[in-house]
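Worksheet for the structure shown next.
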Amino acid sequence: MSGLATEFGSAEESPGLLLWQVTNRWQAAIRAALKPYGLTHVQFVLLAALTWLQDSGPVTQKALADLAATDPMMTSQVLRALESRGLVHRPPHPQDRRARAIAATDEGRALVNQAIVAVEACDRAFFGVLGDAVGGFAGALRALRRT
């Protein structure tokens, strides 16, 4: 037996491979957009999600990891790195004396608000090839996210 035992006639028909290829290209573009801000992609996502969430009150690490769809252990490691840079801090949680809340510092909020301009411009350029279909594409991604 030779070759790959696949149901697809060509690699161009595999949605998984296509998603892999597109994701790698998009992540490379995002890395380049974030480089001037000294943030990795996951640092940006967590800092942006934290800044978004904290408008509604104290944020737990679990709530942050849930919104970002990140592994809790990795979330903790990234938060420690952001904390060491003075971009987040962990004040006492106002409702639970045993817990800590997580909050972006003024410096963290300023940085993420600068970086999001570059990220959203990158997204517009990258996904712009879809034209009017970008809304449908985002809907398809939301459907996949639920799986």
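To be explicit about the labels: the chains of the structure tokens are called A, B, and onward in the order shown, and within each one the residues are counted from 1, while ligands get numbers from 1 in the order they are shown.
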I'd like the neighbourhood of A:Ser76 as a VMD selection string, where a residue qualifies if any of its atoms comes within 12 Å (using only C-alpha atoms), though same-chain residues fewer than 3 positions away should be ignored.
chain A and resid 42 to 43 46 60 to 62 64 to 65 70 to 73 79 to 83 88 90 102
Kindly save the residues from that selection, with all heavy atoms included, as a compact mmCIF listing (two decimals), in the first residue's frame.
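So the final result, stored in result39.txt, reads:
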# COMPACT_ATOMS: atom_id res chain seq x y z
N VAL A 42 -0.95 35.17 22.75
CA VAL A 42 -1.74 34.75 23.92
C VAL A 42 -1.72 35.83 25.00
O VAL A 42 -2.74 36.05 25.67
CB VAL A 42 -1.28 33.37 24.46
CG1 VAL A 42 0.08 33.43 25.11
CG2 VAL A 42 -2.31 32.80 25.42
N GLN A 43 -0.62 36.54 25.17
CA GLN A 43 -0.60 37.65 26.12
C GLN A 43 -1.61 38.72 25.72
O GLN A 43 -2.35 39.24 26.56
CB GLN A 43 0.79 38.26 26.22
CG GLN A 43 1.79 37.40 26.95
CD GLN A 43 3.21 37.96 26.86
OE1 GLN A 43 3.54 38.73 25.96
NE2 GLN A 43 4.04 37.57 27.81
N LEU A 46 -5.27 37.43 26.36
CA LEU A 46 -5.64 37.43 27.78
C LEU A 46 -5.75 38.85 28.32
O LEU A 46 -6.67 39.15 29.10
CB LEU A 46 -4.65 36.60 28.59
CG LEU A 46 -4.76 35.09 28.35
CD1 LEU A 46 -3.65 34.35 29.10
CD2 LEU A 46 -6.12 34.56 28.76
N THR A 60 -12.15 36.56 37.84
CA THR A 60 -11.39 35.40 38.31
C THR A 60 -10.57 34.83 37.16
O THR A 60 -10.88 35.06 35.98
CB THR A 60 -12.33 34.30 38.84
OG1 THR A 60 -13.13 33.82 37.75
CG2 THR A 60 -13.22 34.81 39.97
N GLN A 61 -9.57 34.09 37.50
CA GLN A 61 -8.74 33.44 36.49
C GLN A 61 -9.58 32.46 35.66
O GLN A 61 -9.40 32.37 34.45
CB GLN A 61 -7.58 32.70 37.16
CG GLN A 61 -6.60 32.11 36.17
CD GLN A 61 -5.37 31.57 36.87
OE1 GLN A 61 -4.75 32.28 37.66
NE2 GLN A 61 -5.03 30.34 36.59
N LYS A 62 -10.51 31.79 36.29
CA LYS A 62 -11.38 30.85 35.57
C LYS A 62 -12.23 31.57 34.55
O LYS A 62 -12.38 31.12 33.41
CB LYS A 62 -12.26 30.06 36.54
CG LYS A 62 -13.17 29.07 35.80
CD LYS A 62 -14.03 28.27 36.72
CE LYS A 62 -14.94 27.28 36.05
NZ LYS A 62 -15.21 27.37 34.66
N LEU A 64 -11.61 34.35 33.07
CA LEU A 64 -10.73 34.81 32.00
C LEU A 64 -10.37 33.66 31.06
O LEU A 64 -10.45 33.80 29.84
CB LEU A 64 -9.46 35.43 32.60
CG LEU A 64 -8.43 35.94 31.60
CD1 LEU A 64 -9.03 37.03 30.70
CD2 LEU A 64 -7.21 36.46 32.35
N ALA A 65 -9.99 32.53 31.62
CA ALA A 65 -9.63 31.36 30.81
C ALA A 65 -10.84 30.88 30.00
O ALA A 65 -10.69 30.48 28.83
CB ALA A 65 -9.11 30.24 31.69
N THR A 70 -8.68 29.31 26.90
CA THR A 70 -7.30 28.90 27.13
C THR A 70 -7.24 27.91 28.29
O THR A 70 -8.11 27.90 29.16
CB THR A 70 -6.40 30.11 27.45
OG1 THR A 70 -6.98 30.86 28.52
CG2 THR A 70 -6.22 31.02 26.24
N ASP A 71 -6.19 27.12 28.30
CA ASP A 71 -5.95 26.17 29.38
C ASP A 71 -5.69 26.95 30.67
O ASP A 71 -4.90 27.90 30.67
CB ASP A 71 -4.73 25.31 29.01
CG ASP A 71 -4.33 24.40 30.14
OD1 ASP A 71 -5.04 23.40 30.35
OD2 ASP A 71 -3.31 24.70 30.80
N PRO A 72 -6.34 26.57 31.78
CA PRO A 72 -6.15 27.31 33.04
C PRO A 72 -4.69 27.38 33.50
O PRO A 72 -4.25 28.42 34.00
CB PRO A 72 -7.01 26.54 34.04
CG PRO A 72 -8.05 25.88 33.20
CD PRO A 72 -7.37 25.54 31.91
N MET A 73 -3.92 26.31 33.34
CA MET A 73 -2.53 26.32 33.77
C MET A 73 -1.71 27.29 32.90
O MET A 73 -0.90 28.07 33.41
CB MET A 73 -1.93 24.92 33.69
CG MET A 73 -0.52 24.83 34.23
SD MET A 73 -0.36 25.28 35.98
CE MET A 73 -1.15 23.89 36.73
N LEU A 79 -0.39 34.99 32.87
CA LEU A 79 -0.71 36.08 33.80
C LEU A 79 0.48 36.44 34.67
O LEU A 79 0.71 37.62 34.95
CB LEU A 79 -1.92 35.71 34.66
CG LEU A 79 -3.27 35.73 33.95
CD1 LEU A 79 -4.35 35.16 34.84
CD2 LEU A 79 -3.62 37.14 33.48
N ARG A 80 1.25 35.45 35.09
CA ARG A 80 2.46 35.74 35.88
C ARG A 80 3.45 36.57 35.06
O ARG A 80 4.06 37.51 35.58
CB ARG A 80 3.11 34.45 36.38
CG ARG A 80 2.42 33.88 37.61
CD ARG A 80 3.26 32.84 38.33
NE ARG A 80 3.54 31.66 37.54
CZ ARG A 80 2.74 30.61 37.41
NH1 ARG A 80 1.58 30.60 38.06
NH2 ARG A 80 3.06 29.57 36.68
N ALA A 81 3.59 36.23 33.78
CA ALA A 81 4.49 37.00 32.91
C ALA A 81 3.98 38.44 32.75
O ALA A 81 4.77 39.39 32.80
CB ALA A 81 4.64 36.32 31.55
N LEU A 82 2.68 38.60 32.56
CA LEU A 82 2.12 39.94 32.44
C LEU A 82 2.24 40.72 33.74
O LEU A 82 2.51 41.92 33.74
CB LEU A 82 0.65 39.85 32.00
CG LEU A 82 0.40 39.35 30.58
CD1 LEU A 82 -1.09 39.09 30.36
CD2 LEU A 82 0.95 40.33 29.54
N GLU A 83 2.07 40.02 34.86
CA GLU A 83 2.21 40.66 36.17
C GLU A 83 3.65 41.13 36.39
O GLU A 83 3.88 42.22 36.90
CB GLU A 83 1.78 39.69 37.27
CG GLU A 83 1.71 40.32 38.64
CD GLU A 83 1.14 39.37 39.67
OE1 GLU A 83 1.32 38.14 39.55
OE2 GLU A 83 0.51 39.87 40.62
N VAL A 88 -0.64 43.52 34.65
CA VAL A 88 -1.79 43.06 35.43
C VAL A 88 -1.38 43.00 36.90
O VAL A 88 -0.19 42.97 37.23
CB VAL A 88 -2.31 41.66 34.98
CG1 VAL A 88 -2.71 41.67 33.52
CG2 VAL A 88 -1.33 40.57 35.26
N ARG A 90 -3.03 41.45 40.93
CA ARG A 90 -4.00 40.53 41.55
C ARG A 90 -4.43 41.07 42.92
O ARG A 90 -3.95 40.61 43.95
CB ARG A 90 -3.38 39.15 41.70
CG ARG A 90 -2.98 38.54 40.37
CD ARG A 90 -2.18 37.26 40.62
NE ARG A 90 -1.50 36.81 39.43
CZ ARG A 90 -1.75 35.66 38.83
NH1 ARG A 90 -2.62 34.83 39.33
NH2 ARG A 90 -1.10 35.33 37.75
N ILE A 102 -8.24 39.39 39.26
CA ILE A 102 -7.19 39.75 38.30
C ILE A 102 -7.64 41.03 37.63
O ILE A 102 -8.81 41.15 37.24
CB ILE A 102 -7.00 38.64 37.25
CG1 ILE A 102 -6.70 37.31 37.92
CG2 ILE A 102 -5.89 39.01 36.28
CD1 ILE A 102 -6.91 36.12 37.01
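Of the listed residues A:Trp52, A:Phe137, A:Phe127, A:Phe44, the one whose atoms come nearest to A:Ala115 is A:Phe44, with distances taken using only C-alpha atoms.
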Excluding same-chain residues fewer than 4 positions from A:Arg25, what lies within 12 Å of it counting only C-alpha atoms, as a PDB file with N, CA, C and O atoms, in the first residue's frame?
ATOM      1  N   LEU A  18      -6.826  22.909   5.482  1.00  0.00           N
ATOM      2  CA  LEU A  18      -7.014  24.309   5.106  1.00  0.00           C
ATOM      3  C   LEU A  18      -7.068  25.212   6.333  1.00  0.00           C
ATOM      4  O   LEU A  18      -6.454  26.289   6.352  1.00  0.00           O
ATOM      5  N   LEU A  19      -7.782  24.771   7.366  1.00  0.00           N
ATOM      6  CA  LEU A  19      -7.856  25.568   8.598  1.00  0.00           C
ATOM      7  C   LEU A  19      -6.474  25.705   9.215  1.00  0.00           C
ATOM      8  O   LEU A  19      -6.092  26.789   9.676  1.00  0.00           O
ATOM      9  N   TRP A  20      -5.712  24.629   9.220  1.00  0.00           N
ATOM     10  CA  TRP A  20      -4.338  24.654   9.742  1.00  0.00           C
ATOM     11  C   TRP A  20      -3.504  25.681   8.983  1.00  0.00           C
ATOM     12  O   TRP A  20      -2.810  26.503   9.578  1.00  0.00           O
ATOM     13  N   GLN A  21      -3.558  25.637   7.657  1.00  0.00           N
ATOM     14  CA  GLN A  21      -2.756  26.543   6.834  1.00  0.00           C
ATOM     15  C   GLN A  21      -3.159  27.998   7.052  1.00  0.00           C
ATOM     16  O   GLN A  21      -2.302  28.876   7.228  1.00  0.00           O
ATOM     17  N   ALA A  29       0.787  36.768  10.818  1.00  0.00           N
ATOM     18  CA  ALA A  29       0.444  38.182  10.621  1.00  0.00           C
ATOM     19  C   ALA A  29       0.188  38.866  11.964  1.00  0.00           C
ATOM     20  O   ALA A  29       0.645  39.995  12.195  1.00  0.00           O
ATOM     21  N   ILE A  30      -0.501  38.189  12.868  1.00  0.00           N
ATOM     22  CA  ILE A  30      -0.778  38.755  14.194  1.00  0.00           C
ATOM     23  C   ILE A  30       0.517  38.931  14.989  1.00  0.00           C
ATOM     24  O   ILE A  30       0.719  39.952  15.654  1.00  0.00           O
ATOM     25  N   ARG A  31       1.408  37.934  14.926  1.00  0.00           N
ATOM     26  CA  ARG A  31       2.703  38.067  15.626  1.00  0.00           C
ATOM     27  C   ARG A  31       3.442  39.305  15.152  1.00  0.00           C
ATOM     28  O   ARG A  31       3.994  40.061  15.959  1.00  0.00           O
ATOM     29  N   ALA A  32       3.456  39.535  13.853  1.00  0.00           N
ATOM     30  CA  ALA A  32       4.130  40.714  13.304  1.00  0.00           C
ATOM     31  C   ALA A  32       3.452  42.003  13.772  1.00  0.00           C
ATOM     32  O   ALA A  32       4.133  42.978  14.108  1.00  0.00           O
ATOM     33  N   CYS A 122      -4.847  44.414  11.224  1.00  0.00           N
ATOM     34  CA  CYS A 122      -4.320  43.168  10.671  1.00  0.00           C
ATOM     35  C   CYS A 122      -5.465  42.244  10.270  1.00  0.00           C
ATOM     36  O   CYS A 122      -5.458  41.663   9.174  1.00  0.00           O
ATOM     37  N   ASP A 123      -6.451  42.104  11.135  1.00  0.00           N
ATOM     38  CA  ASP A 123      -7.613  41.264  10.827  1.00  0.00           C
ATOM     39  C   ASP A 123      -8.362  41.780   9.595  1.00  0.00           C
ATOM     40  O   ASP A 123      -8.763  40.996   8.731  1.00  0.00           O
ATOM     41  N   PHE A 126      -6.264  40.860   6.589  1.00  0.00           N
ATOM     42  CA  PHE A 126      -6.196  39.423   6.362  1.00  0.00           C
ATOM     43  C   PHE A 126      -7.531  38.865   5.868  1.00  0.00           C
ATOM     44  O   PHE A 126      -7.581  38.127   4.887  1.00  0.00           O
ATOM     45  N   PHE A 127      -8.607  39.205   6.561  1.00  0.00           N
ATOM     46  CA  PHE A 127      -9.909  38.651   6.229  1.00  0.00           C
ATOM     47  C   PHE A 127     -10.635  39.462   5.158  1.00  0.00           C
ATOM     48  O   PHE A 127     -11.691  39.049   4.670  1.00  0.00           O
TER      49      PHE A 127
END
Margin query: Among chain A, which residues does DSSP mark as helix (DSSP H, G or I) when it is run on the backbone? Keep the chain and numbering as in the structure and answer as an MDAnalysis selection string.
Written below: chainID A and resid 11:13 15:37 41:56 61:68 72:84 106:145
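Atom CA of A:Ala140 is found 20.9 Å from atom CA of A:Val119.
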